[in-house]
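One structure is given here, and the rest of the page talks about it.
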Amino acid sequence: MRIALAQLNYRIGDFTENVSKIIRAIKQARGEGAELVVFAELAISGYPPRDFLEFDDFIAKCYNGINEIAAECTDIAAIVGSPSVNPSEKGKPLYNTAYFLCDGRIHGKTHKTLLPNYDVFDEYRYFEPNRLPYDIVQYKGQRIAMTICEDLWNITDDPLYVRNPMDELIRLEPDLLVNIAASPFHYEQPETRLGVLKKNAISYGLPVFYVNHVGGQTELIFDGGSMAMDAQGNVTGELARFIEDIRIFDSSVQAGKTGYGSKNFPSAISMIHSALVLGIRDYFGKMGFSKAILGLSGGIDSAVTLVLAAEALGVENVRAVLLPSRFSSDHSINDAKALTENLGTGYEIIPIDTAFRAFEATLEPQFSGLGFNLTEENIQARIRAVILMALSNKFGYILLNTSNKSEAAVGYGTLYGDMCGGLSVLGDLYKTQVYELASHINHEKEIIPLNSIVKPPSAELRPGQKDSDSLPEYEILDKILFQYIENGKGPSELIAMGFEESIVHRALRLVNTSEYKRYQTPPILRISPKAFGMGRRMPIVGKYLS
């Protein structure tokens with residue numbers, strides 16, 4: 001049987017476009033000789049639909065979409081993910097369902113059993129785990145086992161889950177395994193995902209056909225990477241990453257001579273680059289925006305953000321504004337200018353010193369006799385934000401935030417100043433990763449001026465200021481932050497790993513006392529296993545490690 005894998009970019013709740021995309025893919029697959037076409041988990045609604053699932057009208061439109069697609073499946077079959085109603089009065093009102101459509105109708109369906117409830121996932125909030133007997137679909141002489149994403153991850157140690165779907169399905173003697181998924185990207189996920197699919201193929205002796213989403217859904221970015229795998233765990237073909245793709249395979253897939261493994265993956269930094277460009281492009285496109293604005297300082301963070309935005313939206317749609325103060329160095333201004341010339345974006349300069357002096361004069365009666373400190377630094381950052389937001393409002397731009405994860409972690413940023421914006425592009429990259437990304441951007445030619453990369457980082461809010469005046473060196477800080485945030489290592493464990501005790505306590509205290517700031521930041525494009533935002537939920541007023 002010829003099976004098409006259709007890796008598409010859906011928009012949550014856009015039923016007209018989602019259904020149209022699916023039907024177009026069915027027609028393309030039919031035209032190329034496919035007998036079955038497979039789409040992703042919750043393809044009809046888009047993923048994650050979250051509280052849209054609580055609206056009866058939303059669910060009704062899901063059903064309408066399924067029926068419309070079924071009508072198209074007269075001489076071809078399709079597997080499509082969508083919510084479905086739980087007819088029982090017990091449990092949650094919905095199932096997460098894979099539909100098998102053929103002969104113009106719903107021919108079969110399977111509900112998801114293992115509902116993820118960790119990190120960015122919250123499916124158990126909405127869906128009832130499958131407790132019904134499993135079944136397989138017979139089509140064109142093939143016995144097909146349909147599964148949904150985590151049903152292959154075998155999370156059977158959670159008390160919510162008392163079944164391993166594959167252990168039950170294998171007793172029905174299927175010929176092949178289909179897994180439809182909504183697996184968001186982070187830089188470790190492609191290799192982890194490959195390992196899970198390979199383990200299942202080998203354990204159950206079945207070829208595996210896997211379809212994932214592609215595209216940005218606010219914070220979450222889906223990389224695609226849909227694939228076919230033989231019963232020995234060799235990938236026989238993979239769809240493109242970070243773009244829509246359709247490819248047809250034979251159900252009796254056979255591996256090539258070299259097989260496939262993690263050595264074939266692009267580098268992590270290359271995938272991060274592609275993910276961020278896709279995240280920006282889809283956030284703007286799906287929200288109906290087209291133009292971005294950002295403050296360009298001459299530093300590494302705003303430089304990388306500008307490059308990514310220009311690639312995602314086009315140089316003509318990105319406005320770079322230099323906002324120098326009395327403390328801005330000439331080389332920073334020159335670096336910013338050089339970057340815009342390399343990119344072709346152009347720039348404009350709006351000095352902030354006149355506005356800053358006005359604030360100083362206004363506040364002089366209250367601040368009389370008090371020296372220059374963090375207050376005046378924050379005023380400068382907030383003046384810049386006011387100017388950028390004014391341009392945003394007047395001309396219809398969306399302000400891009402340029403803060404990195406290191407700064408967000410320790411609160412090294414000004415609320416309603418440099419922390420404002422509609423989207424945080426680098427908020428899930430540590431400072432050292434930003435440097436790595438800058439080097440990757442420059443791997444063929446110098447786009448980001450070398451001086452922006454090699455000079456000591458500084459906010460330039462007071463004379464001679466450097467980030468290292470307030471923070472540990474990023475090479476040390478980032479390692480501590482990674483172990484604490486991504487790996488959940490506490491202070492005693494960090495000290496045992498060899499980090500200096502005073503630096504550990506200082507860094508972790510800054511992280512935990514800055515939670516209130518992170519609650520007020522824009523959405524952050526997620527590229528790591530543990531991003532700030534919906535995947536890391538910490539109390540603001542907690543005292544742990546404070």
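All residue names refer to the structure tokens as shown: chains lettered A, B, ... in order, residues numbered from 1 in each chain, ligands numbered from 1 in order.
By chain and then residue number, the residues within 12 Å of Ile12 (chain A) are Glu17, Asn18, Val19, Leu42, Ala43, Ile44, Ser45, Gly46, Tyr47, Pro48, Pro49, Arg50, Asp51, Phe52, Leu53, Phe58, Cys62, Ser82, His213, Gly215, Gly216, Gln217, Thr218, Asp282, Tyr283, Lys286 and Met287 of chain A, counting only C-alpha atoms and disregarding those fewer than 5 positions away in sequence.
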Give me the region 436-503 of chain A side of the contact with region 335-345 of chain A, cut-off 7 Å, one line per residue showing its nearest atom pair and distance in Å at one decimal, counting only C-alpha atoms, sorted by chain and residue number, as CSV.
residue,atom,partner,partner_atom,distance
A:Ile447,CA,A:Asn342,CA,5.7
A:Ile448,CA,A:Leu339,CA,5.6
A:Pro449,CA,A:Asp335,CA,6.1
A:Asn451,CA,A:Asp335,CA,7.0
A:Ser452,CA,A:Asp335,CA,6.5
Spatial neighbours of Leu172 (chain A), 12 Å, only C-alpha atoms, chain gap at least 4 places, as a PyMOL selection string
chain A and resi 133-138+143-146+165-168+176-177+204
Output the selection as a short mmCIF file (atom, residue, chain, number, x, y, z; two decimals), in the first residue's frame - C-alpha atoms for each residue.
data_model
loop_
_atom_site.label_atom_id
_atom_site.label_comp_id
_atom_site.auth_asym_id
_atom_site.auth_seq_id
_atom_site.Cartn_x
_atom_site.Cartn_y
_atom_site.Cartn_z
CA PRO A 133 -10.84 -1.89 24.02
CA TYR A 134 -8.30 -1.29 21.25
CA ASP A 135 -8.95 -2.16 17.65
CA ILE A 136 -7.08 -2.01 14.37
CA VAL A 137 -8.23 -0.86 10.95
CA GLN A 138 -8.15 -3.20 7.96
CA ARG A 143 -3.93 -4.29 9.33
CA ILE A 144 -3.17 -0.78 10.62
CA ALA A 145 -2.53 0.10 14.27
CA MET A 146 -3.30 3.79 14.86
CA PRO A 165 -1.33 0.81 24.23
CA MET A 166 1.21 -1.03 22.10
CA ASP A 167 1.25 -4.10 24.32
CA GLU A 168 -2.48 -4.42 23.66
CA LEU A 176 2.13 -1.59 10.35
CA LEU A 177 2.05 1.17 12.93
CA TYR A 204 7.17 -4.84 18.06
#
May I have the residues within 12 Å of His505 (chain A) as a PyMOL selection string, using only C-alpha atoms and disregarding those fewer than 5 positions away in the same chain?
chain A and resi 410+472+477+480-481+484+490-495+499-500+510-513+544-546
Write out the residues from the selection above, keeping C-alpha atoms, as a short mmCIF file (atom, residue, chain, number, x, y, z; two decimals), in the first residue's frame.
data_model
loop_
_atom_site.label_atom_id
_atom_site.label_comp_id
_atom_site.auth_asym_id
_atom_site.auth_seq_id
_atom_site.Cartn_x
_atom_site.Cartn_y
_atom_site.Cartn_z
CA VAL A 410 18.56 36.75 36.87
CA PRO A 472 29.17 36.55 37.09
CA LEU A 477 26.61 31.90 35.00
CA ILE A 480 24.85 27.25 36.65
CA LEU A 481 21.56 28.44 35.15
CA TYR A 484 19.32 24.72 37.79
CA GLY A 490 19.70 22.49 43.68
CA PRO A 491 22.46 24.51 45.40
CA SER A 492 24.12 21.61 47.20
CA GLU A 493 24.27 19.62 43.96
CA LEU A 494 25.70 22.59 42.06
CA ILE A 495 28.38 23.15 44.68
CA PHE A 499 30.75 25.67 41.16
CA GLU A 500 31.83 28.30 43.68
CA LEU A 510 18.58 36.30 41.58
CA VAL A 511 16.62 33.69 39.62
CA ASN A 512 14.02 33.15 42.32
CA THR A 513 13.56 36.79 43.30
CA TYR A 544 12.97 28.55 48.31
CA LEU A 545 16.66 29.48 47.97
CA SER A 546 15.90 33.18 48.50
#
So which one's closest to Ile441 (chain A), A:Ile398, A:Met227, A:Met419, A:Ala303? Using only C-alpha atoms, please.
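Using only C-alpha atoms, Ile441 (chain A) sits closest to A:Ala303.
In the backbone-derived DSSP annotation, strand (DSSP E or B) within region 304-427 of chain A comprises Val318, Arg319, Ala320, Val321, Leu322, Glu348, Ile349, Ile398, Leu399, Leu400, Asn401, Leu423 and Ser424 of chain A.
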Could you jot down the CA of Gly299 (chain A) to CA of Ser332 (chain A) separation for me, Å, one decimal place?
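Calculated distance between CA of Gly299 (chain A) and CA of Ser332 (chain A) is 6.9 Å.
Across the model, the gap from CA of Arg193 (chain A) to CA of Phe249 (chain A) is 19.9 Å.
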Determine which residues of region 198-332 of chain A receive a DSSP assignment of alpha helix (DSSP H), computed from the backbone, and state them as an MDAnalysis selection string.
chainID A and resid 198:204 268:287 300:313 330:332
